[in-house]
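run-v8.csv (CSV, C-alpha atoms) appears below.
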chain,number,residue,atom,x,y,z
A,26,MET,CA,11.3,0.9,-10.7
A,27,SER,CA,14.9,1.6,-11.3
A,28,GLY,CA,16.4,-0.5,-8.5
A,29,PHE,CA,18.1,2.5,-7.1
A,30,TRP,CA,16.7,2.1,-3.6
A,31,ASN,CA,17.3,-1.6,-3.2
A,32,GLY,CA,19.5,-2.0,-0.2
A,33,LYS,CA,19.9,1.7,0.6
A,34,ASN,CA,19.8,2.7,4.2
A,35,VAL,CA,17.4,5.5,4.5
A,36,PHE,CA,16.5,7.7,7.5
A,37,VAL,CA,13.1,9.5,7.4
A,38,THR,CA,11.9,12.2,9.9
A,39,GLY,CA,8.2,12.9,10.0
A,40,CYS,CA,7.3,9.3,8.9
A,41,THR,CA,3.9,9.3,10.6
A,42,GLY,CA,2.9,12.4,8.7
A,43,LEU,CA,1.2,12.6,5.4
A,44,LEU,CA,4.2,12.8,3.1
A,45,GLY,CA,6.4,10.6,5.4
A,46,SER,CA,3.9,7.8,5.5
A,47,TYR,CA,3.6,7.5,1.8
A,48,LEU,CA,7.3,8.0,1.2
A,49,VAL,CA,8.3,5.3,3.8
A,50,LYS,CA,5.9,2.8,2.2
A,51,GLU,CA,7.2,3.4,-1.3
A,52,LEU,CA,10.9,3.2,-0.1
A,53,ILE,CA,10.1,-0.2,1.5
A,54,ASP,CA,8.3,-1.4,-1.5
A,55,GLN,CA,11.4,-0.5,-3.6
A,56,GLY,CA,13.7,-2.5,-1.3
A,57,ALA,CA,15.2,0.2,1.0
A,58,ASN,CA,16.1,-0.4,4.6
A,59,VAL,CA,14.1,2.4,6.3
A,60,THR,CA,14.7,3.8,9.8
A,61,GLY,CA,12.1,6.4,11.0
A,62,LEU,CA,12.4,9.0,13.8
A,63,VAL,CA,9.0,9.0,15.7
A,64,ARG,CA,8.2,11.4,18.4
A,65,ASP,CA,4.5,10.7,19.0
A,66,GLN,CA,2.5,7.5,18.6
A,67,VAL,CA,-0.2,8.2,16.0
A,68,PRO,CA,-2.1,4.9,15.7
A,69,ARG,CA,-4.4,6.1,12.9
A,70,SER,CA,-1.5,7.3,10.8
A,71,ASN,CA,-1.5,6.1,7.2
A,72,LEU,CA,1.9,4.6,8.0
A,73,TYR,CA,0.2,1.8,9.7
A,74,GLN,CA,-2.3,1.0,6.9
A,75,GLY,CA,-0.8,-2.0,5.2
A,76,SER,CA,2.2,-4.1,6.3
A,77,GLN,CA,5.2,-2.1,5.2
A,78,PHE,CA,5.7,-0.5,8.7
A,79,GLU,CA,6.5,-4.0,10.0
A,80,LYS,CA,9.7,-3.9,8.0
A,81,MET,CA,11.0,-0.5,9.2
A,82,ASN,CA,13.2,0.4,12.2
A,83,VAL,CA,11.7,2.9,14.6
A,84,VAL,CA,13.8,5.3,16.7
A,85,GLN,CA,11.9,7.1,19.4
A,86,GLY,CA,12.9,10.7,19.7
A,87,ALA,CA,12.4,14.3,18.7
A,88,LEU,CA,14.1,16.7,16.3
A,89,GLU,CA,15.3,18.7,19.3
A,90,ASP,CA,17.5,15.7,20.4
A,91,MET,CA,20.6,15.7,18.2
A,92,GLN,CA,22.3,12.9,20.1
A,93,THR,CA,19.4,10.5,19.3
A,94,ILE,CA,19.5,11.6,15.6
A,95,GLU,CA,23.3,11.2,15.4
A,96,ARG,CA,23.2,7.8,17.1
A,97,ALA,CA,20.5,6.6,14.6
A,98,LEU,CA,22.5,7.7,11.6
A,99,GLY,CA,25.6,6.0,12.8
A,100,GLU,CA,24.2,2.7,14.1
A,101,TYR,CA,21.9,2.1,11.1
A,102,GLU,CA,24.7,3.2,8.7
A,103,ILE,CA,22.5,5.7,6.9
A,104,ASP,CA,23.4,6.9,3.4
A,105,THR,CA,20.2,8.9,2.6
A,106,VAL,CA,18.1,11.2,4.8
A,107,PHE,CA,14.7,12.7,4.0
A,108,HIS,CA,14.0,15.4,6.6
A,109,LEU,CA,10.3,15.9,6.4
A,110,ALA,CA,9.3,16.5,10.0
A,111,ALA,CA,8.0,19.9,11.0
A,112,GLN,CA,5.3,21.7,12.9
A,113,ALA,CA,3.3,22.3,9.8
A,114,ILE,CA,0.1,24.1,10.8
A,115,VAL,CA,0.0,27.9,10.2
A,116,GLY,CA,-2.5,28.6,13.0
A,117,VAL,CA,-0.5,26.6,15.5
A,118,ALA,CA,2.6,28.5,14.5
A,119,ASN,CA,0.8,31.8,15.1
A,120,ARG,CA,-0.3,30.7,18.5
A,121,HIS,CA,2.9,28.9,19.5
A,122,PRO,CA,5.8,30.4,17.7
A,123,VAL,CA,8.6,29.1,20.0
A,124,SER,CA,7.7,25.5,19.7
A,125,THR,CA,7.4,25.9,16.0
A,126,PHE,CA,10.8,27.5,15.8
A,127,GLU,CA,12.3,24.7,17.9
A,128,ALA,CA,10.9,22.0,15.7
A,129,ASN,CA,11.4,23.6,12.3
A,130,ILE,CA,14.6,25.6,12.8
A,131,LEU,CA,16.5,23.9,15.6
A,132,GLY,CA,15.3,20.5,14.4
A,133,THR,CA,16.7,21.2,10.9
A,134,TRP,CA,20.1,22.2,12.1
A,135,ASN,CA,20.2,19.2,14.4
A,136,VAL,CA,19.5,16.9,11.5
A,137,LEU,CA,22.0,18.6,9.2
A,138,GLU,CA,24.7,18.8,11.9
A,139,ALA,CA,24.3,15.1,12.6
A,140,CYS,CA,24.5,14.4,8.9
A,141,ARG,CA,27.7,16.5,8.6
A,142,ARG,CA,29.4,14.2,11.2
A,143,GLN,CA,28.5,11.0,9.4
A,144,PRO,CA,30.9,9.9,6.7
A,145,LEU,CA,28.4,7.5,5.0
A,146,ILE,CA,25.9,10.2,4.1
A,147,LYS,CA,25.5,10.7,0.4
A,148,ARG,CA,22.3,12.6,0.0
A,149,VAL,CA,20.0,14.7,2.2
A,150,ILE,CA,16.6,16.0,1.1
A,151,VAL,CA,15.1,18.8,3.3
A,152,ALA,CA,11.5,19.7,2.9
A,153,SER,CA,11.0,23.4,2.8
A,154,SER,CA,7.8,25.0,1.5
A,155,ASP,CA,6.3,27.5,-0.8
A,156,LYS,CA,5.7,29.5,2.4
A,157,ALA,CA,9.5,30.1,2.6
A,158,TYR,CA,9.1,32.7,-0.2
A,159,GLY,CA,6.7,34.8,1.8
A,160,ASP,CA,4.8,37.6,0.0
A,161,GLN,CA,6.3,38.4,-3.5
A,162,GLU,CA,5.1,41.0,-5.9
A,163,GLN,CA,5.8,38.7,-8.8
A,164,LEU,CA,4.2,35.3,-9.2
A,165,PRO,CA,4.7,32.4,-9.8
A,166,TYR,CA,7.5,31.8,-7.3
A,167,ASP,CA,10.7,30.5,-8.9
A,168,GLU,CA,13.8,29.2,-7.1
A,169,ASP,CA,15.8,32.4,-7.6
A,170,MET,CA,13.5,34.5,-5.6
A,171,PRO,CA,14.5,35.6,-2.1
A,172,LEU,CA,13.2,33.8,0.9
A,173,ASN,CA,11.0,36.4,2.6
A,174,GLY,CA,8.9,34.8,5.3
A,175,LYS,CA,7.2,37.3,7.7
A,176,HIS,CA,4.9,35.3,10.0
A,177,PRO,CA,6.0,32.5,12.3
A,178,TYR,CA,5.5,29.4,10.1
A,179,ASP,CA,6.8,31.2,6.9
A,180,VAL,CA,9.9,32.4,8.8
A,181,SER,CA,10.6,29.0,10.2
A,182,LYS,CA,10.7,27.5,6.7
A,183,SER,CA,12.7,30.4,5.3
A,184,CYS,CA,15.3,29.8,8.1
A,185,ALA,CA,15.4,26.0,7.7
A,186,ASP,CA,15.9,26.5,3.9
A,187,LEU,CA,18.8,29.0,4.4
A,188,ILE,CA,20.4,26.8,7.0
A,189,SER,CA,20.3,23.9,4.5
A,190,HIS,CA,22.1,26.1,2.0
A,191,THR,CA,24.7,26.9,4.6
A,192,TYR,CA,25.5,23.3,5.2
A,193,TYR,CA,26.1,22.8,1.5
A,194,ASN,CA,28.0,26.0,0.9
A,195,THR,CA,30.2,25.8,4.0
A,196,TYR,CA,30.6,22.1,4.6
A,197,GLY,CA,29.9,20.6,1.3
A,198,LEU,CA,27.0,18.5,2.7
A,199,PRO,CA,25.1,16.9,-0.2
A,200,VAL,CA,21.7,18.5,0.5
A,201,CYS,CA,18.8,19.5,-1.8
A,202,ILE,CA,15.8,21.4,-0.8
A,203,THR,CA,12.2,20.9,-1.9
A,204,ARG,CA,9.6,23.6,-2.0
A,205,CYS,CA,6.1,22.3,-2.6
A,206,GLY,CA,2.6,23.7,-2.5
A,207,ASN,CA,-0.1,22.5,-0.2
A,208,LEU,CA,0.2,18.7,-0.1
A,209,TYR,CA,-3.1,16.8,0.0
A,210,GLY,CA,-4.2,13.2,-0.2
A,211,GLY,CA,-5.7,10.4,1.9
A,212,GLY,CA,-4.0,10.1,5.2
A,213,ASP,CA,-3.8,13.7,6.3
A,214,LEU,CA,-5.1,13.7,9.8
A,215,ASN,CA,-4.8,17.4,10.4
A,216,PHE,CA,-8.5,18.1,10.0
A,217,ASN,CA,-8.0,21.9,10.3
A,218,ARG,CA,-6.6,21.8,6.8
A,219,ILE,CA,-9.1,22.7,4.1
A,220,ILE,CA,-9.3,19.5,2.1
A,221,PRO,CA,-9.6,16.9,4.9
A,222,GLN,CA,-11.8,19.2,6.9
A,223,THR,CA,-14.1,19.9,4.0
A,224,ILE,CA,-14.4,16.2,3.1
A,225,GLN,CA,-15.1,15.3,6.8
A,226,LEU,CA,-17.8,18.0,7.2
A,227,VAL,CA,-19.6,17.0,3.9
A,228,LEU,CA,-19.5,13.3,5.0
A,229,GLU,CA,-21.2,14.4,8.2
A,230,GLY,CA,-23.8,16.4,6.3
A,231,GLU,CA,-22.5,19.8,7.5
A,232,ALA,CA,-21.6,22.8,5.5
A,233,PRO,CA,-17.8,23.2,4.9
A,234,GLU,CA,-16.2,26.2,6.5
A,235,ILE,CA,-13.7,28.6,4.8
A,236,ARG,CA,-11.5,30.3,7.3
A,237,SER,CA,-10.5,33.2,5.0
A,238,ASP,CA,-12.6,35.2,2.6
A,239,GLY,CA,-12.3,32.4,0.0
A,240,THR,CA,-10.2,34.4,-2.4
A,241,PHE,CA,-6.7,33.2,-1.2
A,242,ILE,CA,-4.9,31.5,-4.1
A,243,ARG,CA,-2.9,28.3,-3.3
A,244,ASP,CA,-1.1,25.6,-5.1
A,245,TYR,CA,-2.4,22.1,-4.3
A,246,PHE,CA,-0.1,19.1,-4.9
A,247,TYR,CA,-1.2,15.5,-4.7
A,248,ILE,CA,0.7,13.3,-2.3
A,249,GLU,CA,1.6,10.5,-4.7
A,250,ASP,CA,3.1,13.0,-7.1
A,251,ALA,CA,5.1,14.5,-4.2
A,252,VAL,CA,6.6,11.1,-3.3
A,253,LYS,CA,7.7,10.5,-6.9
A,254,ALA,CA,9.2,14.0,-7.0
A,255,TYR,CA,11.2,13.5,-3.8
A,256,LEU,CA,12.5,10.1,-4.9
A,257,LEU,CA,13.5,11.3,-8.3
A,258,LEU,CA,15.4,14.3,-6.9
A,259,ALA,CA,17.3,12.0,-4.5
A,260,GLU,CA,18.1,9.6,-7.3
A,261,LYS,CA,19.4,12.3,-9.6
A,262,MET,CA,21.4,14.3,-7.1
A,263,GLU,CA,24.8,12.7,-7.7
A,264,GLU,CA,24.3,11.9,-11.3
A,265,LYS,CA,23.5,15.5,-12.2
A,266,GLY,CA,25.5,17.3,-9.6
A,267,LEU,CA,22.5,18.9,-7.9
A,268,ALA,CA,23.7,19.3,-4.3
A,269,GLY,CA,22.9,22.7,-3.0
A,270,GLU,CA,20.0,23.2,-5.3
A,271,ALA,CA,16.4,24.0,-4.4
A,272,PHE,CA,13.5,22.7,-6.5
A,273,ASN,CA,9.8,23.8,-6.7
A,274,PHE,CA,7.4,20.9,-7.3
A,275,SER,CA,3.8,21.8,-8.4
A,276,ASN,CA,1.1,20.9,-10.8
A,277,GLU,CA,1.1,24.6,-11.7
A,278,ILE,CA,-2.6,24.9,-11.4
A,279,GLN,CA,-3.8,27.7,-9.1
A,280,LEU,CA,-7.1,27.7,-7.3
A,281,THR,CA,-8.8,30.0,-4.9
A,282,VAL,CA,-9.9,28.3,-1.7
A,283,LEU,CA,-13.6,28.8,-2.7
A,284,GLU,CA,-12.9,27.1,-6.1
A,285,LEU,CA,-11.2,24.2,-4.4
A,286,VAL,CA,-14.1,23.7,-2.0
A,287,ASP,CA,-16.6,23.9,-4.9
A,288,LYS,CA,-14.6,21.1,-6.7
A,289,ILE,CA,-14.8,18.9,-3.6
A,290,LEU,CA,-18.5,19.5,-3.2
A,291,LYS,CA,-19.1,18.7,-6.9
A,292,ALA,CA,-16.9,15.5,-6.7
A,293,MET,CA,-18.9,14.3,-3.6
A,294,GLY,CA,-22.2,15.1,-5.2
A,295,SER,CA,-23.1,17.5,-2.4
A,296,GLU,CA,-25.4,20.5,-2.7
A,297,LEU,CA,-24.1,22.0,0.6
A,298,LYS,CA,-22.9,25.6,0.4
A,299,PRO,CA,-19.7,26.7,2.2
A,300,ARG,CA,-19.7,29.1,5.1
A,301,ILE,CA,-17.1,31.9,4.6
A,302,LEU,CA,-15.8,32.9,8.0
A,303,ASN,CA,-13.4,35.6,6.8
A,304,GLN,CA,-11.2,35.0,9.9
A,305,GLY,CA,-7.8,34.3,8.2
A,306,THR,CA,-5.0,36.4,9.6
A,307,HIS,CA,-1.2,36.4,9.3
A,308,GLU,CA,-1.3,34.4,6.1
A,309,ILE,CA,0.0,35.0,2.6
A,310,LYS,CA,-2.8,35.9,0.3
A,311,HIS,CA,-1.6,34.5,-3.0
A,312,GLN,CA,0.9,31.7,-3.5
A,313,TYR,CA,1.8,29.5,-6.5
A,314,LEU,CA,4.9,28.0,-7.9
A,315,SER,CA,6.7,27.5,-11.2
A,316,ALA,CA,8.1,24.0,-11.6
A,317,GLU,CA,10.0,24.8,-14.8
A,318,LYS,CA,13.4,24.0,-13.2
A,319,ALA,CA,12.2,20.5,-12.1
A,320,ARG,CA,10.6,19.9,-15.5
A,321,LYS,CA,13.9,20.8,-17.3
A,322,LEU,CA,16.6,19.5,-15.0
A,323,LEU,CA,14.8,16.3,-13.7
A,324,ASP,CA,12.5,15.7,-16.6
A,325,TRP,CA,9.7,15.6,-14.0
A,326,LYS,CA,6.0,16.1,-14.4
A,327,PRO,CA,3.0,15.3,-12.2
A,328,ASP,CA,0.9,12.3,-13.0
A,329,TYR,CA,-2.4,13.5,-11.4
A,330,SER,CA,-4.7,16.4,-12.2
A,331,ILE,CA,-6.4,18.2,-9.3
A,332,ASP,CA,-9.7,16.4,-10.1
A,333,GLU,CA,-8.0,12.9,-10.2
A,334,GLY,CA,-6.1,13.7,-6.9
A,335,LEU,CA,-9.3,14.8,-5.2
A,336,GLU,CA,-11.2,11.8,-6.3
A,337,LYS,CA,-8.6,9.4,-4.8
A,338,THR,CA,-8.5,11.6,-1.6
A,339,ILE,CA,-12.3,11.6,-1.1
A,340,GLU,CA,-12.4,7.8,-1.6
A,341,TRP,CA,-9.7,7.3,1.1
A,342,TYR,CA,-11.6,9.4,3.6
A,343,ARG,CA,-14.9,7.6,2.8
A,344,GLU,CA,-13.2,4.3,3.8
A,345,PHE,CA,-11.4,5.9,6.8
A,346,PHE,CA,-14.6,7.2,8.4
A,347,GLN,CA,-16.5,3.9,7.8
A,348,LYS,CA,-13.9,2.0,10.0
Spell out the structure here as structure tokens.
Amino acid sequence: MSGFWNGKNVFVTGCTGLLGSYLVKELIDQGANVTGLVRDQVPRSNLYQGSQFEKMNVVQGALEDMQTIERALGEYEIDTVFHLAAQAIVGVANRHPVSTFEANILGTWNVLEACRRQPLIKRVIVASSDKAYGDQEQLPYDEDMPLNGKHPYDVSKSCADLISHTYYNTYGLPVCITRCGNLYGGGDLNFNRIIPQTIQLVLEGEAPEIRSDGTFIRDYFYIEDAVKAYLLLAEKMEEKGLAGEAFNFSNEIQLTVLELVDKILKAMGSELKPRILNQGTHEIKHQYLSAEKARKLLDWKPDYSIDEGLEKTIEWYREFFQK
């Protein structure tokens, strides 16, 4: 540990989610004073596994409420913001686009506008997504490609990403943007996502279901690698003059959905065969990222292979479902 976070006043949105829960715990372990924005009570969140949450400040509120965010930043004298909260489920976004836009677009400009008004803010990290790139003829995605979302979730992330650039370019807000692949790891309670859903079904003795035709290619990124990437970027922002930059983070290994499910079945010692539903609509077919910029500018690399990450993830859910 570098000691960088000791005594820092950090505000985290989305702290009961997968990434937020791991990030908050690591920040507290490294001595940060963490304040989290919490909209819904999620008692089974990974945030509450362990004792770190007892040391954080909790502000009840939603991204749509800028006054609450601005009050929290001021009263807790925040110097670092990790904006992670979002409506992150593609299917929900397709069914409920307006609430997705309100959370992901309005919520982002509320956070950034509140930051702009706070003189103590030194660094802001905004979680975008590989989905912000939309469909591209050339792969892998790199940071110079246009943001080209077409469907509700993708568009919400493209917009939030561009708004973040606006706050840097127009107001000089020290903001960086992360674009990661599909995060996975123990603690993801969205069981319509392919990895936790597959693990749950196999543990229950049922055949896993693949919503698409199984050929969609995705980038899967283990949660502990993501936390280290976010912290490293925030630590290097001032030192390397990175404000206004976007970074892809990825293990740069691409898998079809069917290959991923087969890996999970093998790791769990299961002979079940997946059911391919072929019902996927309004989704990008192939997505994967180049992390060359992060490797070169940040000297970053992931610690976990896909097999190592899946092994830790499966073990987490085995314990979770035994409780």
- Using only C-alpha atoms, which residue out of A:Tyr342, A:Phe241, A:Tyr178, A:Tyr166 lies closest to Glu277 (chain A)? A:Tyr166
- Item | Point-to-point distance in Å for CA of Glu340 (chain A) and CA of Leu314 (chain A) |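 So the answer is 27.3 Å.
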- Message: Given only C-alpha atoms as the basis, pick out the residue of A:Glu89, A:Glu263, A:Glu100, A:Glu344 nearest to Cys201 (chain A).
- Response: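 Looking only at the distances to Cys201 (chain A), the closest residue turns out to be A:Glu263.
Counting from CA of Asp186 (chain A), the distance to CA of Lys50 (chain A) is 25.8 Å.
Counting from CA of Pro233 (chain A), the distance to CA of Val282 (chain A) is 11.5 Å.
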Within 12 Å of region 30-46 of chain A, which residues of region 81-160 of chain A show up? Give each one with its shortest atom-to-atom distance in Å (one decimal) and the two atoms involved, counting all atoms listed in the file, rows by chain then rising residue number, as JSON lines.
{"residue": "A:Met81", "atom": "CA", "partner": "A:Val35", "partner_atom": "CA", "distance": 10.0}
{"residue": "A:Asn82", "atom": "CA", "partner": "A:Phe36", "partner_atom": "CA", "distance": 9.3}
{"residue": "A:Val83", "atom": "CA", "partner": "A:Cys40", "partner_atom": "CA", "distance": 9.6}
{"residue": "A:Val84", "atom": "CA", "partner": "A:Thr38", "partner_atom": "CA", "distance": 9.9}
{"residue": "A:Gln85", "atom": "CA", "partner": "A:Thr38", "partner_atom": "CA", "distance": 10.8}
{"residue": "A:Gly86", "atom": "CA", "partner": "A:Thr38", "partner_atom": "CA", "distance": 10.0}
{"residue": "A:Ala87", "atom": "CA", "partner": "A:Thr38", "partner_atom": "CA", "distance": 9.1}
{"residue": "A:Leu88", "atom": "CA", "partner": "A:Thr38", "partner_atom": "CA", "distance": 8.1}
{"residue": "A:Glu89", "atom": "CA", "partner": "A:Thr38", "partner_atom": "CA", "distance": 11.9}
{"residue": "A:Ile94", "atom": "CA", "partner": "A:Phe36", "partner_atom": "CA", "distance": 9.5}
{"residue": "A:Glu95", "atom": "CA", "partner": "A:Phe36", "partner_atom": "CA", "distance": 11.0}
{"residue": "A:Arg96", "atom": "CA", "partner": "A:Phe36", "partner_atom": "CA", "distance": 11.7}
{"residue": "A:Ala97", "atom": "CA", "partner": "A:Phe36", "partner_atom": "CA", "distance": 8.2}
{"residue": "A:Leu98", "atom": "CA", "partner": "A:Phe36", "partner_atom": "CA", "distance": 7.3}
{"residue": "A:Gly99", "atom": "CA", "partner": "A:Phe36", "partner_atom": "CA", "distance": 10.7}
{"residue": "A:Glu100", "atom": "CA", "partner": "A:Asn34", "partner_atom": "CA", "distance": 10.8}
{"residue": "A:Tyr101", "atom": "CA", "partner": "A:Asn34", "partner_atom": "CA", "distance": 7.2}
{"residue": "A:Glu102", "atom": "CA", "partner": "A:Asn34", "partner_atom": "CA", "distance": 6.7}
{"residue": "A:Ile103", "atom": "CA", "partner": "A:Asn34", "partner_atom": "CA", "distance": 4.9}
{"residue": "A:Asp104", "atom": "CA", "partner": "A:Asn34", "partner_atom": "CA", "distance": 5.6}
{"residue": "A:Thr105", "atom": "CA", "partner": "A:Val35", "partner_atom": "CA", "distance": 4.8}
{"residue": "A:Val106", "atom": "CA", "partner": "A:Phe36", "partner_atom": "CA", "distance": 4.7}
{"residue": "A:Phe107", "atom": "CA", "partner": "A:Val37", "partner_atom": "CA", "distance": 4.9}
{"residue": "A:His108", "atom": "CA", "partner": "A:Thr38", "partner_atom": "CA", "distance": 5.1}
{"residue": "A:Leu109", "atom": "CA", "partner": "A:Gly39", "partner_atom": "CA", "distance": 5.1}
{"residue": "A:Ala110", "atom": "CA", "partner": "A:Gly39", "partner_atom": "CA", "distance": 3.8}
{"residue": "A:Ala111", "atom": "CA", "partner": "A:Gly39", "partner_atom": "CA", "distance": 7.1}
{"residue": "A:Gln112", "atom": "CA", "partner": "A:Gly39", "partner_atom": "CA", "distance": 9.7}
{"residue": "A:Ala113", "atom": "CA", "partner": "A:Gly42", "partner_atom": "CA", "distance": 10.0}
{"residue": "A:Ala128", "atom": "CA", "partner": "A:Gly39", "partner_atom": "CA", "distance": 11.1}
{"residue": "A:Asn129", "atom": "CA", "partner": "A:Gly39", "partner_atom": "CA", "distance": 11.4}
{"residue": "A:Gly132", "atom": "CA", "partner": "A:Thr38", "partner_atom": "CA", "distance": 10.0}
{"residue": "A:Thr133", "atom": "CA", "partner": "A:Thr38", "partner_atom": "CA", "distance": 10.2}
{"residue": "A:Asn135", "atom": "CA", "partner": "A:Thr38", "partner_atom": "CA", "distance": 11.8}
{"residue": "A:Val136", "atom": "CA", "partner": "A:Thr38", "partner_atom": "CA", "distance": 9.1}
{"residue": "A:Leu137", "atom": "CA", "partner": "A:Thr38", "partner_atom": "CA", "distance": 12.0}
{"residue": "A:Ala139", "atom": "CA", "partner": "A:Phe36", "partner_atom": "CA", "distance": 11.9}
{"residue": "A:Cys140", "atom": "CA", "partner": "A:Phe36", "partner_atom": "CA", "distance": 10.5}
{"residue": "A:Leu145", "atom": "CA", "partner": "A:Asn34", "partner_atom": "CA", "distance": 9.9}
{"residue": "A:Ile146", "atom": "CA", "partner": "A:Asn34", "partner_atom": "CA", "distance": 9.7}
{"residue": "A:Lys147", "atom": "CA", "partner": "A:Val35", "partner_atom": "CA", "distance": 10.5}
{"residue": "A:Arg148", "atom": "CA", "partner": "A:Val35", "partner_atom": "CA", "distance": 9.7}
{"residue": "A:Val149", "atom": "CA", "partner": "A:Phe36", "partner_atom": "CA", "distance": 9.5}
{"residue": "A:Ile150", "atom": "CA", "partner": "A:Val37", "partner_atom": "CA", "distance": 9.7}
{"residue": "A:Val151", "atom": "CA", "partner": "A:Thr38", "partner_atom": "CA", "distance": 9.9}
{"residue": "A:Ala152", "atom": "CA", "partner": "A:Leu44", "partner_atom": "CA", "distance": 10.0}
Could you pull the residues within 9 Å of Asp287 (chain A), counting all atoms listed in the file, minus those fewer than 4 positions along the same chain, as a short mmCIF file (atom, residue, chain, number, x, y, z; two decimals) with C-alpha atoms, in the coordinates of the input?
data_model
loop_
_atom_site.label_atom_id
_atom_site.label_comp_id
_atom_site.auth_asym_id
_atom_site.auth_seq_id
_atom_site.Cartn_x
_atom_site.Cartn_y
_atom_site.Cartn_z
CA VAL A 282 -9.90 28.30 -1.70
CA LEU A 283 -13.60 28.80 -2.70
CA LYS A 291 -19.10 18.70 -6.90
CA ALA A 292 -16.90 15.50 -6.70
CA LYS A 298 -22.90 25.60 0.40
CA PRO A 299 -19.70 26.70 2.20
#
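If you measure from each of A:Glu168, A:Glu249, A:Glu234, A:Glu284 to Pro221 (chain A) using only C-alpha atoms, the closest one turns out to be A:Glu234.
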- Could you pull the residues within 12 Å of Leu257 (chain A), counting only C-alpha atoms, minus those fewer than 6 positions along the same chain, as a ChimeraX atom specification? /A:26-27,29-30,48,52,150,201,203,250-251,263-265,267,272,274,319-320,322-327
- Item | From A:Gln92, A:Gly334, A:Val59, A:Arg218, residue lying nearest Val117 (chain A) [all atoms listed in the file] |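 That would be A:Arg218, the residue with the smallest distance to Val117 (chain A).
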- Counting all atoms listed in the file, write as a VMD selection string all protein and nucleic acid residues lying at most 6 Å from (-13.0, 22.4, 1.6) in the file's frame. chain A and resid 219 to 220 223 233 286
When you get a chance, write out N, CA and C atoms for region 239-253 of chain A, as a PDB file, in the coordinates of the input.
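What follows is the written file result-v6.pdb:
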ATOM      1  N   GLY A 239     -12.104  33.327   1.167  1.00  0.00           N
ATOM      2  CA  GLY A 239     -12.300  32.400   0.000  1.00  0.00           C
ATOM      3  C   GLY A 239     -11.535  32.800  -1.219  1.00  0.00           C
ATOM      4  N   THR A 240     -10.872  33.965  -1.220  1.00  0.00           N
ATOM      5  CA  THR A 240     -10.200  34.400  -2.400  1.00  0.00           C
ATOM      6  C   THR A 240      -8.690  34.084  -2.429  1.00  0.00           C
ATOM      7  N   PHE A 241      -8.156  33.570  -1.292  1.00  0.00           N
ATOM      8  CA  PHE A 241      -6.700  33.200  -1.200  1.00  0.00           C
ATOM      9  C   PHE A 241      -6.417  32.189  -2.301  1.00  0.00           C
ATOM     10  N   ILE A 242      -5.336  32.395  -3.022  1.00  0.00           N
ATOM     11  CA  ILE A 242      -4.900  31.500  -4.100  1.00  0.00           C
ATOM     12  C   ILE A 242      -3.800  30.585  -3.546  1.00  0.00           C
ATOM     13  N   ARG A 243      -3.946  29.274  -3.773  1.00  0.00           N
ATOM     14  CA  ARG A 243      -2.900  28.300  -3.300  1.00  0.00           C
ATOM     15  C   ARG A 243      -2.647  27.296  -4.402  1.00  0.00           C
ATOM     16  N   ASP A 244      -1.531  26.614  -4.206  1.00  0.00           N
ATOM     17  CA  ASP A 244      -1.100  25.600  -5.100  1.00  0.00           C
ATOM     18  C   ASP A 244      -1.321  24.231  -4.361  1.00  0.00           C
ATOM     19  N   TYR A 245      -2.103  23.346  -4.924  1.00  0.00           N
ATOM     20  CA  TYR A 245      -2.400  22.100  -4.300  1.00  0.00           C
ATOM     21  C   TYR A 245      -1.763  20.936  -5.027  1.00  0.00           C
ATOM     22  N   PHE A 246      -1.028  20.105  -4.282  1.00  0.00           N
ATOM     23  CA  PHE A 246      -0.100  19.100  -4.900  1.00  0.00           C
ATOM     24  C   PHE A 246      -0.407  17.756  -4.308  1.00  0.00           C
ATOM     25  N   TYR A 247      -0.796  16.810  -5.156  1.00  0.00           N
ATOM     26  CA  TYR A 247      -1.200  15.500  -4.700  1.00  0.00           C
ATOM     27  C   TYR A 247      -0.069  14.676  -4.155  1.00  0.00           C
ATOM     28  N   ILE A 248      -0.331  13.942  -3.092  1.00  0.00           N
ATOM     29  CA  ILE A 248       0.700  13.300  -2.300  1.00  0.00           C
ATOM     30  C   ILE A 248       1.519  12.264  -3.112  1.00  0.00           C
ATOM     31  N   GLU A 249       0.877  11.496  -3.969  1.00  0.00           N
ATOM     32  CA  GLU A 249       1.600  10.500  -4.700  1.00  0.00           C
ATOM     33  C   GLU A 249       2.572  11.138  -5.730  1.00  0.00           C
ATOM     34  N   ASP A 250       2.186  12.294  -6.272  1.00  0.00           N
ATOM     35  CA  ASP A 250       3.100  13.000  -7.100  1.00  0.00           C
ATOM     36  C   ASP A 250       4.289  13.571  -6.309  1.00  0.00           C
ATOM     37  N   ALA A 251       4.017  13.985  -5.072  1.00  0.00           N
ATOM     38  CA  ALA A 251       5.100  14.500  -4.200  1.00  0.00           C
ATOM     39  C   ALA A 251       6.113  13.402  -3.907  1.00  0.00           C
ATOM     40  N   VAL A 252       5.647  12.204  -3.601  1.00  0.00           N
ATOM     41  CA  VAL A 252       6.600  11.100  -3.300  1.00  0.00           C
ATOM     42  C   VAL A 252       7.474  10.826  -4.495  1.00  0.00           C
ATOM     43  N   LYS A 253       6.887  10.763  -5.682  1.00  0.00           N
ATOM     44  CA  LYS A 253       7.700  10.500  -6.900  1.00  0.00           C
ATOM     45  C   LYS A 253       8.707  11.633  -7.105  1.00  0.00           C
TER      46      LYS A 253
END
